[in-house]
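Chemist: Got a structure for you, questions after.
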Amino acid sequence: MSGLGLIVRDLRVTFDGFKAVDGVDLDIRPGDLRFLIGPNGAGKTTLVDAVTGLVKATGSVRFGGEELLGKPVHRIARMGIGRTFQTATVFEELTVLQNLDIAAGAKRGPLTMLRRRKGTPEPVTKALETTGLTDLRDRPAGVLAHGQKQWLEIGMLLVQDVKLLLLDEPVAGMSHDEREATGELLQRVSGDHTVVVIEHDMDFMRSFARSVTVLHAGKILSEGTVTEVQADAKVQEVYLGRASEPEPAAIPVAEEA
Amino acid sequence: MTTTTSPTKTTSVAQPSVSLLERFRVPGAFLLGAVLLLGIAPLVLSDFRLNLLAKYLCYAIVAVGVSLAWGRGGLLVLGQGVFFGLGGYAMAMHLKLADAADTGQTLPDFMQLYGTSDALPWWWKPFANPAFALAVTVLLPMAVAALLGFLVFRRRVKGAYFAILSQALAAALSIWLIGQQATTGGTNGLTDIQGFFGYSLNDPVNQRMVYFIIAAVLLLLMAAARQLFVSRYGELLIAVRDSEERVRFLGYNPANVKLVAYVVAAGMAGLAGALFVPAVGIISPALIGIVPSIGFVVGAAVGGRASLVGAVLGAIAVAWAQSTLSDAFPAAWTYLQGLLLVLAVGFLPGGLASLVTLLRNRRTQTRTTPTASTAPTGETA
């Protein structure tokens with residue numbers, strides 16, 4: 001089961017006259033690990049919100065040939081599109097295992113729902129191992145460390161059997177080791193899945209991105225491999241202001257508002 | 001190549017071994033409850049007290065549903081009086097018709113006094129059939145809740161708005177009933193009920209039978225609710241309560257999850273209302289309006305809304321306090337009831353049950369801390 005690709009055409013999102021996303025075209029091929037970068041207010045999160053049905057948008061978003069725009073959130077999720085949020089949202093009172101079991105169960109019938117969970121479903125066991133949370137399975141998710149919560153979220157997407165993962169700043173607030181572990185996790189997950197990561201951390205992006213799209217003021221500024229994007233004069237300008245620094249590696253981490 | 005799982009880690013599928021005490025805690029508690037309610041209470045309580053307990057247990061049945069909808073589902077159901085009332089009136093209508101038939105009348109007594117015509121209103125007629133009336137006591141509240149929930153949850157009405165809406169419905173129903181003097185008994189309600197499916201309610205033996213039925217229904221519904229709590233649905237319901245949006249992104253429609261809890265809670269309130277009628281002999285608008293609707297959740301809040309036993313014991317305790325204190329200070333009770341709700345929700349959201357859990361956790365913690373060594377490594381496998 002290789003992941004499906006995402007095709008976005010002329011996507012526009014407007015909030016009270018403000019064009020948050022202003023005519024974006026995007027092609028993400030199956031199995032890609034695409035990084036979506038850009039300064040604050042560039043429209044990265046809004047783009048993901050539009051794809052997942054959280055905000056209204058015009059244009060076209062097709063996934064596996066099906067149009068997504070206009071579908072309710074839970075239907076889009078059932079088509080195999082999963083996302084995380086900037087702040088990890090797991091069910092804090094439930095255990096790690098219960099979190100994963102719920103994520104795995106959107107297609108369960110009423111009779112299964114009314115019965116008690118017996119044992120551990122196979123995908124859940126696999127996700128526990130992939131995310132390294134096996135030892136913590138019976139802990140309430142609320143007591144997990146910040147990084148572990150993010151991994152749990154990624155694990156929830158895996159058991160949800162999504163083909164496209166949209167991750168909003170998955171390594172924000174993580175230690176260096178946790179970033180490395182997360183990056184490796186994402187590389188392992190992509191291939192089987194299509195992964196799109198919104199990120200501010202340029203080091204992280206350089207280490208793990210397969211392709212990069214730079215957004216600026218709701219429009220696509222540049223697209224390509226990490227080297228291509230870094231060499232792009234327009235990108236340097238947006239990140240560094242007028243001064244054209246010769247060192248592309250010095251693209252700073254954009255500050256969180 | 002992505003999820004190449006190394007065979008180093010063997011996850012045991014079997015549940016970790018639980019102590020014998022833990023394993024029989026729930027069935028043991030259930031058995032204890034059954035012995036207390038069905039064995040000891042009828043032995044030690046006078047007929048009068050037992051009848052009062054029967055009334056409290058009806059409130060406890062409502063609390064079982066409140067615990068599901070509010071405690072687990074986060075739906076502040078401030079209008080359970082509607083469903084209690086629908087169940088109660090459906091039962092009372094049948095019993096009034098049966099009483100009238102026993103004395104050779106076609107109309108219930110109050111209709112002969114206030115009625116405008118000699119004929120029974122058309123919507124009273126089917127209630128002469130006991131099976132129909134019994135079915136209506138449960139199914140009508142569930143249908144009303146399903147319709148209301150369908151409209152409300154889909155529009156993502158929640159929190160205080162949902163609470164106010166359901167409370168307004170309770171007010172509307174009781175006001176409507178008061179206006180229908182000729183067909184519903186108006187402010188008086190349906191009173192002076194004599195018989196219960198052929199058994200005279202004036203006979204203490206039959207009153208005891210009613211008590212046993214109510215106690216048995218309470219135990220059964222607690223068992224059913226417990227099954228819902230521990231089921232996958234119960235886990236999902238908590239997830240919806242704590243983070244509805246996240247659940248939506250997992251591919252569930254939270255509106256449906258909430259709807260089930262709301263409808264089941266309504267059915268339980270309806271059944272409680274139906275059983276209340278033979279136990280107390282009356283159903284009236286004053287018993288189903290705003291104040292009693294708040295009363296239905298106060299007990300659950302004080303005892304612990306997320307805990308089944310807590311909610312049930314809380315409901316019984318608060319009902320007992322009400323009938324004891326409202327005799328001495330009739331005006332003060334309404335204020336006290338409101339104060340209890342505010343205090344419980346504001347300062348002890350888990351209710352008294354959370355104190356028990358706290359103590360138990362503290363005890364097990366002190367027992368196990370020296371040996372606890374499963375330090376989370378946080379390494380990806």
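Labels used: A, B, ... for chains in the order of the structure tokens, numbers from 1 for residues in each chain, and numbers from 1 for ligands as shown.
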Write out as a Markdown table a residue-level contact list of chain A versus chain B with cut-off 6 Å: for each qualifying residue the closest pair of atoms and the distance in Å to one decimal, counting only C-alpha atoms, rows sorted by chain and residue number upward.

Modeler:
```
| residue | atom | partner | partner_atom | distance |
| --- | --- | --- | --- | --- |
| A:His74 | CA | B:Gly251 | CA | 4.2 |
| A:Ala77 | CA | B:Gly251 | CA | 4.7 |
| A:Arg78 | CA | B:Gly251 | CA | 4.8 |
| A:Phe91 | CA | B:Ala239 | CA | 5.7 |
| A:Ala103 | CA | B:Leu250 | CA | 5.8 |
| A:Ala106 | CA | B:Tyr252 | CA | 5.5 |
| A:Met113 | CA | B:Arg232 | CA | 4.9 |
| A:Leu114 | CA | B:Ser231 | CA | 5.3 |
| A:Arg115 | CA | B:Ser231 | CA | 4.8 |
| A:Arg116 | CA | B:Ser231 | CA | 4.0 |
| A:Gly119 | CA | B:Val13 | CA | 5.5 |
| A:Glu129 | CA | B:Ala381 | CA | 5.6 |
| A:Thr130 | CA | B:Ala381 | CA | 5.7 |
| A:Thr131 | CA | B:Thr380 | CA | 5.4 |
| A:Gly132 | CA | B:Thr380 | CA | 4.1 |
| A:Arg188 | CA | B:Thr2 | CA | 4.4 |
| A:Val189 | CA | B:Thr2 | CA | 5.4 |
```

Chemist: Once you have the residues from the selection above, write them out as a short mmCIF file (atom, residue, chain, number, x, y, z; two decimals), in the first residue's frame, restricted to N, CA and C atoms.

Modeler:
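What follows is the written file part35.cif:
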```cif
data_model
loop_
_atom_site.label_atom_id
_atom_site.label_comp_id
_atom_site.auth_asym_id
_atom_site.auth_seq_id
_atom_site.Cartn_x
_atom_site.Cartn_y
_atom_site.Cartn_z
N HIS A 74 -14.65 14.58 9.30
CA HIS A 74 -14.47 13.16 9.60
C HIS A 74 -14.48 12.29 8.35
N ALA A 77 -11.01 12.53 6.94
CA ALA A 77 -10.14 11.68 7.75
C ALA A 77 -10.29 10.22 7.35
N ARG A 78 -11.52 9.79 7.09
CA ARG A 78 -11.75 8.40 6.72
C ARG A 78 -11.16 8.04 5.36
N PHE A 91 -5.60 12.26 24.05
CA PHE A 91 -6.65 12.16 25.08
C PHE A 91 -5.96 11.88 26.41
N ALA A 103 -7.85 5.52 17.83
CA ALA A 103 -7.42 5.99 16.51
C ALA A 103 -7.58 4.90 15.46
N ALA A 106 -12.06 3.86 13.74
CA ALA A 106 -13.14 4.65 13.14
C ALA A 106 -14.08 3.81 12.28
N MET A 113 -18.01 -1.89 19.15
CA MET A 113 -17.86 -0.73 20.01
C MET A 113 -18.42 -1.00 21.40
N LEU A 114 -19.50 -1.80 21.47
CA LEU A 114 -20.15 -2.02 22.76
C LEU A 114 -19.43 -3.06 23.59
N ARG A 115 -18.44 -3.72 22.98
CA ARG A 115 -17.71 -4.72 23.76
C ARG A 115 -16.43 -4.14 24.31
N ARG A 116 -15.93 -4.79 25.32
CA ARG A 116 -14.68 -4.36 25.93
C ARG A 116 -13.52 -4.74 25.02
N GLY A 119 -7.19 -7.75 24.53
CA GLY A 119 -5.89 -7.82 23.90
C GLY A 119 -5.57 -6.53 23.15
N GLU A 129 5.52 -0.15 18.77
CA GLU A 129 6.94 -0.43 18.54
C GLU A 129 7.58 0.65 17.67
N THR A 130 6.86 1.05 16.61
CA THR A 130 7.42 2.06 15.72
C THR A 130 7.73 3.36 16.45
N THR A 131 6.85 3.72 17.38
CA THR A 131 7.03 4.99 18.07
C THR A 131 7.79 4.81 19.38
N GLY A 132 8.14 3.58 19.72
CA GLY A 132 8.92 3.35 20.93
C GLY A 132 8.14 3.58 22.21
N ARG A 188 11.22 6.77 8.09
CA ARG A 188 10.76 5.38 8.00
C ARG A 188 9.29 5.33 7.56
N VAL A 189 8.52 6.28 8.06
CA VAL A 189 7.07 6.28 7.77
C VAL A 189 6.80 6.66 6.32
#
```

Chemist: Give me every strand (DSSP E) residue in stretch 46-289 of chain B, going by DSSP on the backbone, as a list in words.

Modeler: Gly195, Phe196, Tyr199 and Ser200 of chain B

Chemist: Report the residues of stretch 65-161 of chain A whose backbone DSSP state falls under alpha helix (DSSP H), written as number ranges by chain.

Modeler: A: 73-78, 96-103, 110-114, 122-131, 146-159

Chemist: Store the residues picked out above, limited to N, CA and C atoms, as a compact mmCIF listing (two decimals), in the first residue's frame.

Modeler:
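The resulting file, out-v4.txt, is reproduced below:
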```txt
# COMPACT_ATOMS: atom_id res chain seq x y z
N VAL A 73 -15.05 17.14 8.00
CA VAL A 73 -13.75 16.73 8.53
C VAL A 73 -13.63 15.21 8.69
N HIS A 74 -14.65 14.58 9.30
CA HIS A 74 -14.47 13.16 9.60
C HIS A 74 -14.48 12.29 8.35
N ARG A 75 -15.14 12.78 7.27
CA ARG A 75 -15.13 12.01 6.03
C ARG A 75 -13.75 12.09 5.36
N ILE A 76 -13.17 13.28 5.40
CA ILE A 76 -11.82 13.44 4.83
C ILE A 76 -10.85 12.54 5.61
N ALA A 77 -11.01 12.53 6.94
CA ALA A 77 -10.14 11.68 7.75
C ALA A 77 -10.29 10.22 7.35
N ARG A 78 -11.52 9.79 7.09
CA ARG A 78 -11.75 8.40 6.72
C ARG A 78 -11.16 8.04 5.36
N VAL A 96 -2.02 5.36 26.73
CA VAL A 96 -1.41 5.34 25.41
C VAL A 96 -2.11 4.29 24.53
N LEU A 97 -2.31 3.12 25.14
CA LEU A 97 -2.96 2.04 24.39
C LEU A 97 -4.38 2.43 23.97
N GLN A 98 -5.14 3.04 24.89
CA GLN A 98 -6.51 3.44 24.56
C GLN A 98 -6.52 4.51 23.47
N ASN A 99 -5.58 5.44 23.54
CA ASN A 99 -5.46 6.46 22.50
C ASN A 99 -5.29 5.81 21.13
N LEU A 100 -4.36 4.87 21.06
CA LEU A 100 -4.08 4.22 19.77
C LEU A 100 -5.27 3.37 19.33
N ASP A 101 -5.90 2.70 20.30
CA ASP A 101 -7.03 1.83 19.96
C ASP A 101 -8.19 2.65 19.39
N ILE A 102 -8.42 3.83 19.95
CA ILE A 102 -9.48 4.69 19.42
C ILE A 102 -9.12 5.15 18.01
N ALA A 103 -7.85 5.52 17.83
CA ALA A 103 -7.42 5.99 16.51
C ALA A 103 -7.58 4.90 15.46
N PRO A 110 -21.04 -1.15 15.41
CA PRO A 110 -21.60 -0.88 16.74
C PRO A 110 -21.37 -2.02 17.73
N LEU A 111 -21.44 -3.26 17.27
CA LEU A 111 -21.29 -4.38 18.20
C LEU A 111 -19.89 -4.43 18.79
N THR A 112 -18.89 -4.18 17.96
CA THR A 112 -17.52 -4.15 18.46
C THR A 112 -17.36 -3.02 19.45
N MET A 113 -18.01 -1.89 19.15
CA MET A 113 -17.86 -0.73 20.01
C MET A 113 -18.42 -1.00 21.40
N LEU A 114 -19.50 -1.80 21.47
CA LEU A 114 -20.15 -2.02 22.76
C LEU A 114 -19.43 -3.06 23.59
N GLU A 122 -3.39 -5.80 16.20
CA GLU A 122 -2.07 -5.91 15.57
C GLU A 122 -1.48 -4.54 15.16
N PRO A 123 -2.24 -3.68 14.48
CA PRO A 123 -1.66 -2.39 14.07
C PRO A 123 -1.22 -1.55 15.27
N VAL A 124 -1.95 -1.69 16.38
CA VAL A 124 -1.61 -0.92 17.57
C VAL A 124 -0.27 -1.39 18.12
N THR A 125 -0.08 -2.72 18.19
CA THR A 125 1.20 -3.26 18.64
C THR A 125 2.34 -2.75 17.78
N LYS A 126 2.11 -2.74 16.47
CA LYS A 126 3.14 -2.28 15.55
C LYS A 126 3.45 -0.79 15.77
N ALA A 127 2.39 -0.02 15.94
CA ALA A 127 2.59 1.42 16.13
C ALA A 127 3.31 1.70 17.45
N LEU A 128 2.99 0.91 18.49
CA LEU A 128 3.69 1.07 19.77
C LEU A 128 5.18 0.86 19.59
N GLU A 129 5.52 -0.15 18.77
CA GLU A 129 6.94 -0.43 18.54
C GLU A 129 7.58 0.65 17.67
N THR A 130 6.86 1.05 16.61
CA THR A 130 7.42 2.06 15.72
C THR A 130 7.73 3.36 16.45
N THR A 131 6.85 3.72 17.38
CA THR A 131 7.03 4.99 18.07
C THR A 131 7.79 4.81 19.38
N HIS A 146 6.62 15.87 26.44
CA HIS A 146 6.14 16.56 25.25
C HIS A 146 6.47 15.78 23.96
N GLY A 147 7.69 15.34 23.84
CA GLY A 147 8.10 14.62 22.63
C GLY A 147 7.33 13.33 22.46
N GLN A 148 7.11 12.64 23.58
CA GLN A 148 6.38 11.37 23.52
C GLN A 148 4.94 11.58 23.07
N LYS A 149 4.36 12.71 23.48
CA LYS A 149 2.99 12.99 23.04
C LYS A 149 2.97 13.15 21.53
N GLN A 150 3.98 13.86 20.99
CA GLN A 150 4.03 14.03 19.54
C GLN A 150 4.17 12.68 18.85
N TRP A 151 4.99 11.79 19.42
CA TRP A 151 5.14 10.47 18.81
C TRP A 151 3.85 9.69 18.88
N LEU A 152 3.18 9.84 20.04
CA LEU A 152 1.89 9.15 20.17
C LEU A 152 0.94 9.63 19.08
N GLU A 153 0.96 10.93 18.82
CA GLU A 153 0.09 11.45 17.76
C GLU A 153 0.43 10.85 16.40
N ILE A 154 1.73 10.74 16.13
CA ILE A 154 2.13 10.13 14.86
C ILE A 154 1.70 8.67 14.84
N GLY A 155 1.86 8.00 15.98
CA GLY A 155 1.41 6.61 16.08
C GLY A 155 -0.07 6.49 15.83
N MET A 156 -0.85 7.46 16.34
CA MET A 156 -2.30 7.44 16.12
C MET A 156 -2.61 7.58 14.64
N LEU A 157 -1.82 8.39 13.93
CA LEU A 157 -2.04 8.51 12.48
C LEU A 157 -1.73 7.19 11.78
N LEU A 158 -0.69 6.50 12.27
CA LEU A 158 -0.30 5.25 11.62
C LEU A 158 -1.40 4.20 11.77
N VAL A 159 -1.94 4.05 12.99
CA VAL A 159 -2.97 3.03 13.18
C VAL A 159 -4.28 3.45 12.53
```

Chemist: Give me the residues near B:Ile283 as an MDAnalysis selection string, where near means some atom within 8 Å (using only C-alpha atoms) and where sequence neighbours in that chain fewer than 6 positions away do not count.

Modeler: chainID B and resid 85 88:89 92 189:191 276:277

Chemist: With only C-alpha atoms as the counted atoms, please give the residues lying no more than 8 Å from A:Ala50, apart from itself and same-chain residues fewer than 6 positions off, as a PyMOL selection string.

Modeler: chain A and resi 13+56-57+69

Chemist: B:Ser293, B:Gln322, B:Gln337, B:Gln207: which is nearest B:Phe48, counting only C-alpha atoms?

Modeler: B:Gln207

Chemist: May I have the residues within 6 Å of B:Val302 as a list in words, using only C-alpha atoms and disregarding those fewer than 3 positions away in the same chain?

Modeler: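 After dropping sequence-adjacent residues, the list is Gly299, Gly314, Ala344 and Gly351 of chain B.
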
Chemist: Using only C-alpha atoms, find the one residue out of B:Pro330, B:Val77, B:Ala69, B:Val210 that sits nearest to B:Ile164.

Modeler: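 Among B:Pro330, B:Val77, B:Ala69, B:Val210, it is B:Val77 that comes nearest to B:Ile164.
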
Chemist: Take atom CA of B:Asn188 and atom CA of B:Pro292 and report the distance between them in Å, one decimal.

Modeler: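 Between atom CA of B:Asn188 and atom CA of B:Pro292 the gap works out to 16.0 Å.
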
Chemist: Within 7 Å of B:Val138, counting only C-alpha atoms, which residues show up once you throw out same-chain ones fewer than 4 positions away? Write them as a PDB file with N, CA and C atoms, in the first residue's frame, please.

Modeler:
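Wrote it out as out-v2.pdb, contents follow:
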```pdb
ATOM      1  N   GLY B  87     -41.836   9.900  30.792  1.00  0.00           N
ATOM      2  CA  GLY B  87     -42.006   8.540  31.304  1.00  0.00           C
ATOM      3  C   GLY B  87     -43.060   8.491  32.393  1.00  0.00           C
ATOM      4  N   MET B 142     -36.602   8.538  24.543  1.00  0.00           N
ATOM      5  CA  MET B 142     -35.458   8.280  23.679  1.00  0.00           C
ATOM      6  C   MET B 142     -35.650   8.943  22.312  1.00  0.00           C
ATOM      7  N   GLY B 267     -33.607   7.565  28.016  1.00  0.00           N
ATOM      8  CA  GLY B 267     -34.386   6.347  28.247  1.00  0.00           C
ATOM      9  C   GLY B 267     -34.399   5.974  29.719  1.00  0.00           C
ATOM     10  N   GLY B 270     -36.624   8.303  31.582  1.00  0.00           N
ATOM     11  CA  GLY B 270     -38.019   7.966  31.311  1.00  0.00           C
ATOM     12  C   GLY B 270     -38.487   6.796  32.162  1.00  0.00           C
ATOM     13  N   LEU B 271     -37.644   5.768  32.221  1.00  0.00           N
ATOM     14  CA  LEU B 271     -37.983   4.597  33.025  1.00  0.00           C
ATOM     15  C   LEU B 271     -38.089   4.989  34.499  1.00  0.00           C
TER      16      LEU B 271
END
```

Chemist: Tell me which of A:Asp203, A:Glu237, A:Glu178, A:Asp22 sits closest to A:Ala217, counting only C-alpha atoms.

Modeler: A:Asp22

Chemist: Looking at only C-alpha atoms, which of A:Gly109, A:Lys19, A:Leu26, A:Leu136 is the one that sits closest to A:Ala42?

Modeler: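 Going through A:Gly109, A:Lys19, A:Leu26, A:Leu136 one by one, the smallest distance to A:Ala42 is for A:Lys19.
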